[in-house]
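Only one structure is covered here, and it is reproduced in the block below.
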Amino acid sequence: MDNKALEALLNDMSLEEKVMQLVQIPGSEYEADAEITGVTRGQANEKVKQLAGSTLGVWGSKRIKKIQEKYMKEHPHHIPLMFMLDVIHGHKTVLPCPLGQGATFDPEAVKAGAAMQAREASADGIHATFSPMADLCRDARWGRIMESTGEDKYLNSCMAAAMVEGYQGDDLKDPDHIAACVKHFAAYGAAEGGRDYNNTELSEHTLREHYLRAYGEAVKKNPAMVMTSFNTINGIPATGNRFLMKKILREEFGFKGVLISDWAAVGEMINHGFAEDQKDAAYKAMMAGVDIDMTSGCYSGNLEELVKSGAVSEKMLDEAVLRVLNMKNDLGLFEDPFRGIDMEEGAKINEESRQLARKTAAQSLVLLENKGKALPLRKEKNAFIGPYANTKRLQSSWAFSGEDENTVTVFEAASSAYDEGSIKCAEGCTMMDQDAVTARGVCHVDNWQEENDRLLKEAVETAEWADTVVLCLGEDSTQSGEATSKASLKLPEVQLRLLDEIEKTGKRIVTLIFTGRPLELKEAVELSDALMVCWLPGTEGGNGVMDVLSGKVSPSGRLPVSFPYTVGQEPLHYDMYATGRPKPENGPSEYTSRYLDCENGALYPFGYGLSYTAFEYGEPKLSAERMSAGETLTASVTVRNTGKMKGDTTVQLYIRDVTGSRVRPVRELSGFRKISLEPGEEAEVRFDINEEMLRFWTAEEKWESEPGKFNLWLCDNSRDGRPMEFWLER
Ligand code: BGC
């Protein structure tokens, strides 16, 4: 449809019809078993069901076809309904959770993964996904850290942008692609105390320099939608926040697409103490520029009246409706309301998507320790022990459209890789401590103690038989994701007891940690020979893990987030400020900025990860010591694979502005490159440095660079390497 026809359609619509384009209702209004991802209040009446412009949480070719057919028949202008879903790290084929994808440091792989998800979701009738989540996360207590790509604004920017490109492709009309939604705008990840939905207090400079960056970079890729966040920012709920939505998102970022609220967030402004009632909430959301009200009912119940009374102008309403109609048009829905649907089969996992998921899973694994070269596994007797050894629950709570039955467990993968007589498996213990609380309620196991005593006995016997124990531990997948904040980052007691008892057998221990958040790993480090973080690796998780354990692939994942010594360090991130009394690396540290009982930095820092092979970084070089705006410096380093195996390393570029009108972080990631080298092979890795990369939110409240001295590192994690110096001149 061309613009003229769209406008003619808009002009022909009744006020009620227009308002309803801005209303999104849960899929459960159409199909009882649709996924509900928030609290629902009351039911939509028949009229709302007939006219609501979009729905979420329902998928499947036949179901969507049926709903769309009925809807379009009843809609006065036969405008198609838009179907949205949280396709976060997979639809049918599930990739590693976003935090695991962050660990790949491979935006191309992440883009390919998003394209694969779009293809599958589209075949099941989905038009838009609520992804990527570009929230910066510095606090492991916040369960939604699992849905992010980590603590770094630059890495997050690359990943969020890659996801938008992957989901949307070059043309939204292409039925293999779907619309992306950048969320949660803004600063949802800065919730105080790491407690979900909690308030955030951020200075404008912290907000702009750190928290807004990844959303801004993702918006440059033209996502069809942006979603508001649940939190307040400096006292104003994001969903009613004109500064954020109008000034920053629309004016500064130039976002032209549809702004949708998060689930019920319009109505929640009443709980916040920002809106008096539903009508006031609808008014305040409209004034902030929120186009679609996701499920709160505030727009459906009040917007018509607000327009009739003149409180909301019809012009404002029309602009919002036109944005929604445009999105439907961009998706090609007016030409084909059943776009993408594969009526024969719906979405199905194919070999190609499995291969991609397997490769990405292997790439996401981060090897933290490998004492005495415990890995790769030797061809001897290997026992796979622990609650994650043979479970199909390797995907997160946000991969609800992926079926567990398709998942390959670690032990299943081991069974295809090794002879039957050389491997054994034992569950070892329950996944959780008795009565552990999850997002879905309390997990109670009858006869928990007896069951665990039995499992432990069996596990110890299995360990006695083995030469190496692969201990598969971690946090249950229902303990990260939405509404899963935790004040402790420890492994469950029952798993720590298993670790202790297995260690007493004296066998070599390779510990794998499955998790959606950084955990305290002190005990695992002390008692294991090798330690590897496996995140929630998805459908092909078992195969990806075994590809690395067996040595077929050398581990190459890097931590996208700091792993703390203790929860007391949170929020924790590498790009801190120095303070006036920095703690010296050596020498007396009294009266310096430090903890008496713990290091300042992480146990394992951002960017860290080992390989089976060894890489030697040569002397880094800078093409010049001075540059002015408009010029480019080149930083380069030669990296050589000095080990015996092919492997990947991620060369990381960090910069520090040594003096500024506002203090600058001790280091900031400004580039990275993953390279693959054969044994003995070397490669030169080069980064161009320009003035734009040195800009920040200055004391003058401008996004500018300032002349002066800079430090630069080319290294393989955020802690190591020697700084070089250069100067920016005016
Ligand atoms: C979450 C969003 C999600 C939405 C729709 C909300 O509870 O915060 O991330 O996209 O539900 O499912």
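Convention: chains lettered A, B, ... in structure tokens order; per-chain residue numbering from 1; ligands numbered from 1 as shown.
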Residues up to 10 Å from ligand 1, counting only C-alpha atoms and all ligand atoms: could you list those as a CSV table (one decimal) with N, CA, C and O atoms, in the first residue's frame?
```csv
chain,number,residue,atom,x,y,z
A,26,PRO,N,-3.3,-9.9,25.3
A,26,PRO,CA,-2.6,-11.1,25.4
A,26,PRO,C,-3.2,-12.2,24.5
A,26,PRO,O,-4.4,-12.2,24.3
A,35,GLU,N,1.2,-18.1,25.8
A,35,GLU,CA,2.1,-17.8,26.9
A,35,GLU,C,1.8,-16.5,27.5
A,35,GLU,O,1.6,-15.5,26.8
A,36,ILE,N,1.7,-16.5,28.8
A,36,ILE,CA,1.4,-15.2,29.6
A,36,ILE,C,2.7,-14.8,30.2
A,36,ILE,O,3.3,-15.6,31.0
A,37,THR,N,3.2,-13.6,29.9
A,37,THR,CA,4.5,-13.2,30.5
A,37,THR,C,4.4,-12.1,31.5
A,37,THR,O,5.4,-11.4,31.8
A,38,GLY,N,3.2,-11.9,32.0
A,38,GLY,CA,3.1,-10.9,33.1
A,38,GLY,C,1.8,-11.2,33.8
A,38,GLY,O,1.1,-12.2,33.5
A,39,VAL,N,1.4,-10.3,34.7
A,39,VAL,CA,0.1,-10.5,35.5
A,39,VAL,C,-1.0,-9.9,34.6
A,39,VAL,O,-0.9,-8.8,34.1
A,56,LEU,N,0.1,-10.8,21.6
A,56,LEU,CA,1.4,-11.4,21.9
A,56,LEU,C,1.3,-12.8,22.6
A,56,LEU,O,0.3,-13.0,23.2
A,57,GLY,N,2.3,-13.6,22.4
A,57,GLY,CA,2.4,-14.8,23.2
A,57,GLY,C,1.7,-16.0,22.5
A,57,GLY,O,1.6,-17.1,23.1
A,84,MET,N,2.9,-10.8,17.9
A,84,MET,CA,4.3,-10.6,18.4
A,84,MET,C,4.6,-11.7,19.4
A,84,MET,O,3.7,-12.3,20.1
A,85,LEU,N,5.9,-11.9,19.6
A,85,LEU,CA,6.3,-13.0,20.5
A,85,LEU,C,7.7,-12.7,21.0
A,85,LEU,O,8.5,-12.1,20.3
A,86,ASP,N,8.0,-13.2,22.2
A,86,ASP,CA,9.4,-13.1,22.7
A,86,ASP,C,10.2,-14.2,22.1
A,86,ASP,O,10.3,-15.3,22.7
A,87,VAL,N,10.8,-13.9,21.0
A,87,VAL,CA,11.8,-14.9,20.4
A,87,VAL,C,13.1,-14.3,20.8
A,87,VAL,O,13.7,-13.4,20.1
A,88,ILE,N,13.6,-14.8,21.9
A,88,ILE,CA,14.8,-14.1,22.6
A,88,ILE,C,16.1,-14.7,22.2
A,88,ILE,O,17.1,-14.1,21.9
A,129,THR,N,9.4,-9.7,17.0
A,129,THR,CA,10.0,-10.3,18.2
A,129,THR,C,10.3,-9.1,19.2
A,129,THR,O,10.7,-8.1,18.8
A,130,PHE,N,10.2,-9.4,20.5
A,130,PHE,CA,10.6,-8.4,21.5
A,130,PHE,C,12.1,-8.6,21.8
A,130,PHE,O,12.4,-9.0,22.9
A,131,SER,N,12.9,-8.4,20.9
A,131,SER,CA,14.3,-8.6,21.0
A,131,SER,C,15.0,-7.7,20.0
A,131,SER,O,14.4,-7.4,18.9
A,132,PRO,N,16.2,-7.1,20.2
A,132,PRO,CA,17.1,-7.4,21.3
A,132,PRO,C,16.9,-6.6,22.5
A,132,PRO,O,16.4,-5.5,22.5
A,133,MET,N,17.4,-7.2,23.6
A,133,MET,CA,17.4,-6.5,24.9
A,133,MET,C,18.8,-5.8,24.9
A,133,MET,O,19.8,-6.5,25.0
A,144,ARG,N,17.7,-10.8,35.0
A,144,ARG,CA,17.6,-10.5,33.6
A,144,ARG,C,19.0,-10.3,32.9
A,144,ARG,O,19.0,-10.1,31.7
A,147,GLU,N,19.5,-12.2,29.9
A,147,GLU,CA,18.9,-11.8,28.6
A,147,GLU,C,19.7,-10.7,27.9
A,147,GLU,O,19.4,-10.2,26.8
A,181,CYS,N,12.4,-5.4,18.1
A,181,CYS,CA,12.0,-4.4,19.1
A,181,CYS,C,13.1,-4.3,20.1
A,181,CYS,O,13.4,-5.2,20.8
A,182,VAL,N,13.7,-3.1,20.1
A,182,VAL,CA,14.9,-2.8,21.0
A,182,VAL,C,14.3,-2.5,22.4
A,182,VAL,O,13.4,-1.6,22.5
A,183,LYS,N,14.7,-3.2,23.4
A,183,LYS,CA,14.1,-3.0,24.7
A,183,LYS,C,15.2,-3.0,25.8
A,183,LYS,O,16.4,-3.4,25.4
A,184,HIS,N,15.0,-2.7,27.0
A,184,HIS,CA,13.8,-2.0,27.5
A,184,HIS,C,14.3,-0.6,27.8
A,184,HIS,O,15.2,-0.4,28.6
A,188,TYR,N,16.9,-0.2,32.3
A,188,TYR,CA,16.2,-1.2,33.1
A,188,TYR,C,17.2,-2.0,33.9
A,188,TYR,O,17.0,-2.4,35.0
A,196,ASP,N,14.5,-6.7,40.5
A,196,ASP,CA,13.8,-6.5,39.3
A,196,ASP,C,12.7,-5.5,39.5
A,196,ASP,O,12.1,-5.4,40.5
A,197,TYR,N,12.4,-4.7,38.5
A,197,TYR,CA,11.4,-3.6,38.4
A,197,TYR,C,11.7,-2.4,39.3
A,197,TYR,O,11.0,-1.5,39.4
A,227,MET,N,10.7,-0.7,23.0
A,227,MET,CA,9.8,-1.0,24.1
A,227,MET,C,10.3,-0.1,25.3
A,227,MET,O,11.5,0.0,25.6
A,228,THR,N,9.4,0.4,26.0
A,228,THR,CA,9.7,1.1,27.3
A,228,THR,C,10.1,0.1,28.4
A,228,THR,O,9.9,-1.1,28.2
A,229,SER,N,10.6,0.7,29.5
A,229,SER,CA,11.0,-0.2,30.6
A,229,SER,C,10.1,0.0,31.8
A,229,SER,O,9.4,1.0,31.8
A,230,PHE,N,10.2,-0.9,32.7
A,230,PHE,CA,9.3,-0.9,33.9
A,230,PHE,C,9.7,0.1,34.9
A,230,PHE,O,8.9,0.6,35.7
A,260,ILE,N,6.3,0.8,22.0
A,260,ILE,CA,5.4,0.0,22.7
A,260,ILE,C,5.7,0.0,24.2
A,260,ILE,O,6.9,0.1,24.5
A,261,SER,N,4.7,-0.1,25.0
A,261,SER,CA,5.0,-0.1,26.5
A,261,SER,C,5.5,-1.6,26.8
A,261,SER,O,5.2,-2.5,26.0
A,262,ASP,N,6.1,-1.8,27.9
A,262,ASP,CA,6.3,-3.2,28.4
A,262,ASP,C,5.0,-3.6,29.0
A,262,ASP,O,4.0,-2.8,29.1
A,263,TRP,N,4.9,-4.9,29.3
A,263,TRP,CA,3.7,-5.5,29.7
A,263,TRP,C,3.1,-4.8,30.9
A,263,TRP,O,3.6,-4.7,32.0
A,264,ALA,N,1.9,-4.2,30.7
A,264,ALA,CA,1.1,-3.5,31.7
A,264,ALA,C,1.8,-2.3,32.3
A,264,ALA,O,1.3,-1.7,33.3
A,265,ALA,N,2.9,-1.8,31.7
A,265,ALA,CA,3.7,-0.8,32.3
A,265,ALA,C,2.9,0.6,32.3
A,265,ALA,O,3.2,1.4,33.1
A,294,MET,N,0.8,-2.2,25.9
A,294,MET,CA,0.8,-3.7,25.9
A,294,MET,C,0.0,-4.1,27.2
A,294,MET,O,0.5,-4.0,28.3
A,295,THR,N,-1.2,-4.6,27.0
A,295,THR,CA,-2.0,-5.3,28.0
A,295,THR,C,-2.6,-4.6,29.2
A,295,THR,O,-3.3,-5.2,30.0
A,398,TRP,N,13.1,-17.8,28.8
A,398,TRP,CA,12.5,-17.0,27.7
A,398,TRP,C,12.5,-17.8,26.4
A,398,TRP,O,12.3,-17.2,25.3
A,481,GLY,N,16.3,-14.7,34.4
A,481,GLY,CA,15.2,-14.2,33.6
A,481,GLY,C,14.4,-13.2,34.4
A,481,GLY,O,14.9,-12.7,35.4
A,482,GLU,N,13.2,-13.0,34.0
A,482,GLU,CA,12.4,-11.9,34.6
A,482,GLU,C,12.0,-12.4,36.0
A,482,GLU,O,11.7,-13.5,36.3
A,483,ALA,N,12.0,-11.4,36.9
A,483,ALA,CA,11.5,-11.6,38.3
A,483,ALA,C,12.3,-12.7,39.1
A,483,ALA,O,11.8,-13.5,39.8
```
Just the helix (DSSP H, G or I) stuff from range 390-495 of chain A, please, per backbone DSSP, written as a PyMOL selection string. chain A and resi 404-406+410-417+420-422+448-465+477-479+493-495
I need the residues from that last selection saved to file as a tab-separated table (two decimals), in the first residue's frame (with N, CA and C atoms), if you can.
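Once everything was written out, this is again.tsv:
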```tsv
chain	number	residue	atom	x	y	z
A	404	ASP	N	11.83	-28.82	24.91
A	404	ASP	CA	12.94	-29.53	25.55
A	404	ASP	C	13.29	-30.83	24.83
A	405	GLU	N	12.25	-31.48	24.29
A	405	GLU	CA	12.52	-32.81	23.68
A	405	GLU	C	13.52	-32.73	22.52
A	406	ASN	N	13.68	-31.55	21.94
A	406	ASN	CA	14.65	-31.41	20.83
A	406	ASN	C	16.08	-31.24	21.30
A	410	VAL	N	24.20	-33.15	27.55
A	410	VAL	CA	25.66	-33.35	27.54
A	410	VAL	C	25.97	-34.85	27.44
A	411	PHE	N	25.26	-35.65	28.23
A	411	PHE	CA	25.58	-37.08	28.20
A	411	PHE	C	25.17	-37.73	26.89
A	412	GLU	N	24.07	-37.28	26.31
A	412	GLU	CA	23.69	-37.82	24.99
A	412	GLU	C	24.78	-37.51	23.97
A	413	ALA	N	25.30	-36.30	24.03
A	413	ALA	CA	26.37	-35.93	23.09
A	413	ALA	C	27.62	-36.75	23.38
A	414	ALA	N	27.91	-36.97	24.65
A	414	ALA	CA	29.09	-37.77	25.01
A	414	ALA	C	28.92	-39.20	24.49
A	415	SER	N	27.68	-39.69	24.55
A	415	SER	CA	27.43	-41.06	24.10
A	415	SER	C	27.68	-41.19	22.61
A	416	SER	N	27.44	-40.13	21.83
A	416	SER	CA	27.78	-40.26	20.40
A	416	SER	C	29.26	-40.05	20.15
A	417	ALA	N	29.96	-39.38	21.08
A	417	ALA	CA	31.38	-39.09	20.83
A	417	ALA	C	32.31	-40.19	21.37
A	420	GLU	N	30.76	-46.72	24.45
A	420	GLU	CA	29.82	-46.95	25.55
A	420	GLU	C	30.51	-47.30	26.87
A	421	GLY	N	31.52	-48.17	26.76
A	421	GLY	CA	32.17	-48.64	27.99
A	421	GLY	C	33.05	-47.60	28.67
A	422	SER	N	33.30	-46.48	27.99
A	422	SER	CA	34.25	-45.52	28.55
A	422	SER	C	33.57	-44.35	29.24
A	448	TRP	N	13.24	-35.30	49.86
A	448	TRP	CA	14.41	-34.63	49.27
A	448	TRP	C	15.72	-35.18	49.83
A	449	GLN	N	15.79	-35.31	51.18
A	449	GLN	CA	17.04	-35.76	51.80
A	449	GLN	C	17.40	-37.18	51.37
A	450	GLU	N	16.42	-38.08	51.46
A	450	GLU	CA	16.66	-39.48	51.08
A	450	GLU	C	17.10	-39.56	49.62
A	451	GLU	N	16.39	-38.80	48.80
A	451	GLU	CA	16.70	-38.81	47.37
A	451	GLU	C	18.14	-38.34	47.13
A	452	ASN	N	18.52	-37.28	47.81
A	452	ASN	CA	19.88	-36.76	47.61
A	452	ASN	C	20.95	-37.69	48.18
A	453	ASP	N	20.64	-38.36	49.29
A	453	ASP	CA	21.61	-39.32	49.83
A	453	ASP	C	21.83	-40.45	48.82
A	454	ARG	N	20.73	-40.89	48.21
A	454	ARG	CA	20.84	-41.98	47.23
A	454	ARG	C	21.64	-41.51	46.00
A	455	LEU	N	21.31	-40.32	45.53
A	455	LEU	CA	22.00	-39.81	44.33
A	455	LEU	C	23.49	-39.62	44.59
A	456	LEU	N	23.81	-39.15	45.79
A	456	LEU	CA	25.22	-38.90	46.12
A	456	LEU	C	26.00	-40.21	46.17
A	457	LYS	N	25.38	-41.23	46.79
A	457	LYS	CA	26.06	-42.52	46.89
A	457	LYS	C	26.38	-43.06	45.49
A	458	GLU	N	25.37	-42.98	44.64
A	458	GLU	CA	25.53	-43.48	43.27
A	458	GLU	C	26.63	-42.66	42.53
A	459	ALA	N	26.63	-41.36	42.79
A	459	ALA	CA	27.60	-40.48	42.12
A	459	ALA	C	29.02	-40.82	42.57
A	460	VAL	N	29.21	-41.05	43.85
A	460	VAL	CA	30.55	-41.35	44.36
A	460	VAL	C	31.03	-42.68	43.76
A	461	GLU	N	30.13	-43.66	43.69
A	461	GLU	CA	30.51	-44.95	43.08
A	461	GLU	C	30.91	-44.75	41.61
A	462	THR	N	30.16	-43.92	40.93
A	462	THR	CA	30.47	-43.66	39.51
A	462	THR	C	31.82	-42.97	39.39
A	463	ALA	N	32.07	-42.02	40.29
A	463	ALA	CA	33.35	-41.30	40.27
A	463	ALA	C	34.51	-42.26	40.55
A	464	GLU	N	34.30	-43.19	41.49
A	464	GLU	CA	35.36	-44.17	41.82
A	464	GLU	C	35.77	-44.96	40.59
A	465	TRP	N	34.79	-45.24	39.75
A	465	TRP	CA	35.07	-46.02	38.53
A	465	TRP	C	35.90	-45.22	37.52
A	477	SER	N	17.42	-23.10	35.33
A	477	SER	CA	17.07	-22.08	34.33
A	477	SER	C	15.88	-21.22	34.75
A	478	THR	N	15.12	-21.67	35.74
A	478	THR	CA	14.01	-20.83	36.21
A	478	THR	C	14.49	-19.80	37.25
A	479	GLN	N	15.80	-19.80	37.51
A	479	GLN	CA	16.31	-18.84	38.50
A	479	GLN	C	17.05	-17.67	37.86
A	493	GLU	N	23.57	-25.38	47.91
A	493	GLU	CA	24.31	-26.16	48.93
A	493	GLU	C	24.45	-27.62	48.51
A	494	VAL	N	23.36	-28.14	47.97
A	494	VAL	CA	23.35	-29.57	47.64
A	494	VAL	C	24.38	-29.87	46.54
A	495	GLN	N	24.62	-28.91	45.66
A	495	GLN	CA	25.63	-29.11	44.61
A	495	GLN	C	27.03	-28.96	45.18
```
Pick out the closest residue to Gln21 in chain A from this set: A:Ala238, A:Cys97, A:Trp703, A:Asp318. Count only C-alpha atoms.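 The answer is A:Asp318, which sits nearest to Gln21 in chain A.
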With only C-alpha atoms as the counted atoms, please give the residues lying no more than 9 Å from Leu172 in chain A, apart from itself and same-chain residues fewer than 6 positions off, as a PyMOL selection string. chain A and resi 178-179+224+330-332
When you look at range 624-639 of chain A with a cut-off of 8 Å (counting only C-alpha atoms), what residues show up, excluding the ones that are within fewer than 4 positions of it in the same chain? I need them as a list in words.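 Once the nearby chain positions are removed, what remains is Phe615, Glu616, Tyr617, Gly618, Glu619, Pro620, Glu682, Ala683, Glu684, Val685, Arg686, Phe687, Asp688, Ile689, Asn690, Glu691, Leu714, Glu725, Phe726, Trp727, Leu728, Glu729 and Arg730 of chain A.
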Name the residues in contact with range 60-62 of chain A at a cut-off of 7 Å, using only C-alpha atoms, excluding same-chain residues fewer than 6 positions from it; report them as a list of chain:residue names.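 The filter keeps A:Ala123, A:Asp124, A:Gly125, A:Ile341, A:Asp342, A:Met343, A:Gly346.
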Nearest candidate to Val219 in chain A (options A:Gln50, A:Thr200, A:His205, A:Glu165; using only C-alpha atoms): A:Glu165
As a compact mmCIF listing (two decimals) with N, CA, C and O atoms, in the first residue's frame, please: every residue in range 171-332 of chain A that a backbone DSSP assignment puts in strand (DSSP E).
```txt
# COMPACT_ATOMS: atom_id res chain seq x y z
N CYS A 181 12.40 -5.43 18.09
CA CYS A 181 11.99 -4.43 19.08
C CYS A 181 13.13 -4.25 20.09
O CYS A 181 13.44 -5.18 20.83
N VAL A 182 13.74 -3.10 20.08
CA VAL A 182 14.85 -2.84 21.00
C VAL A 182 14.26 -2.49 22.37
O VAL A 182 13.39 -1.64 22.47
N LYS A 183 14.72 -3.18 23.39
CA LYS A 183 14.14 -2.97 24.72
C LYS A 183 15.25 -3.00 25.77
O LYS A 183 16.36 -3.41 25.44
N HIS A 184 14.99 -2.65 26.99
CA HIS A 184 13.82 -1.96 27.55
C HIS A 184 14.28 -0.55 27.79
O HIS A 184 15.17 -0.35 28.63
N PHE A 185 13.70 0.38 27.05
CA PHE A 185 14.17 1.75 27.05
C PHE A 185 13.60 2.48 28.27
O PHE A 185 12.41 2.68 28.34
N MET A 225 10.45 -1.40 16.15
CA MET A 225 9.88 -1.01 17.44
C MET A 225 10.95 -0.78 18.51
O MET A 225 12.05 -1.32 18.45
N VAL A 226 10.54 -0.01 19.51
CA VAL A 226 11.30 0.12 20.76
C VAL A 226 10.30 -0.09 21.88
O VAL A 226 9.13 0.30 21.77
N MET A 227 10.74 -0.73 22.96
CA MET A 227 9.85 -0.96 24.11
C MET A 227 10.30 -0.14 25.31
O MET A 227 11.51 -0.02 25.55
N THR A 228 9.36 0.40 26.05
CA THR A 228 9.71 1.13 27.27
C THR A 228 10.10 0.14 28.37
O THR A 228 9.88 -1.05 28.23
N THR A 232 11.50 3.38 37.06
CA THR A 232 11.57 4.84 37.02
C THR A 232 13.03 5.21 36.77
O THR A 232 13.94 4.44 37.09
N ILE A 233 13.24 6.37 36.19
CA ILE A 233 14.60 6.91 36.07
C ILE A 233 14.58 8.27 36.73
O ILE A 233 13.81 9.15 36.31
N ILE A 236 11.02 9.34 37.50
CA ILE A 236 9.94 9.35 36.50
C ILE A 236 9.88 8.00 35.78
O ILE A 236 10.87 7.55 35.22
N PRO A 237 8.71 7.34 35.83
CA PRO A 237 8.63 6.04 35.14
C PRO A 237 9.00 6.20 33.67
O PRO A 237 8.58 7.17 33.01
N VAL A 258 7.58 2.31 15.94
CA VAL A 258 6.51 2.19 16.93
C VAL A 258 7.10 2.04 18.33
O VAL A 258 7.96 1.19 18.56
N LEU A 259 6.61 2.84 19.25
CA LEU A 259 7.04 2.73 20.65
C LEU A 259 5.96 1.97 21.41
O LEU A 259 4.81 2.41 21.47
N ILE A 260 6.34 0.83 21.97
CA ILE A 260 5.37 -0.01 22.69
C ILE A 260 5.74 0.00 24.17
O ILE A 260 6.92 0.06 24.51
N ASP A 293 -0.12 0.28 23.90
CA ASP A 293 -0.25 -0.09 25.31
C ASP A 293 -0.32 -1.62 25.36
O ASP A 293 -1.33 -2.22 24.97
N MET A 294 0.76 -2.24 25.85
CA MET A 294 0.77 -3.70 25.94
C MET A 294 0.00 -4.13 27.19
O MET A 294 0.48 -3.97 28.30
```
Smallest atom-to-atom distance to Cys534 in chain A: which of A:Glu475, A:Glu520, A:Glu599, A:Glu108, using only C-alpha atoms?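 With only C-alpha atoms as the atom set, the closest residue is A:Glu475.
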Pairwise distance for CA of Glu251 in chain A and CA of Ser157 in chain A, rounded to one decimal in Å: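 Separating CA of Glu251 in chain A from CA of Ser157 in chain A is a distance of 19.6 Å.
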For Lys4 in chain A, which residue out of A:Met20, A:Ala134, A:Leu322, A:Ile64 is the nearest one, using only C-alpha atoms? A:Leu322
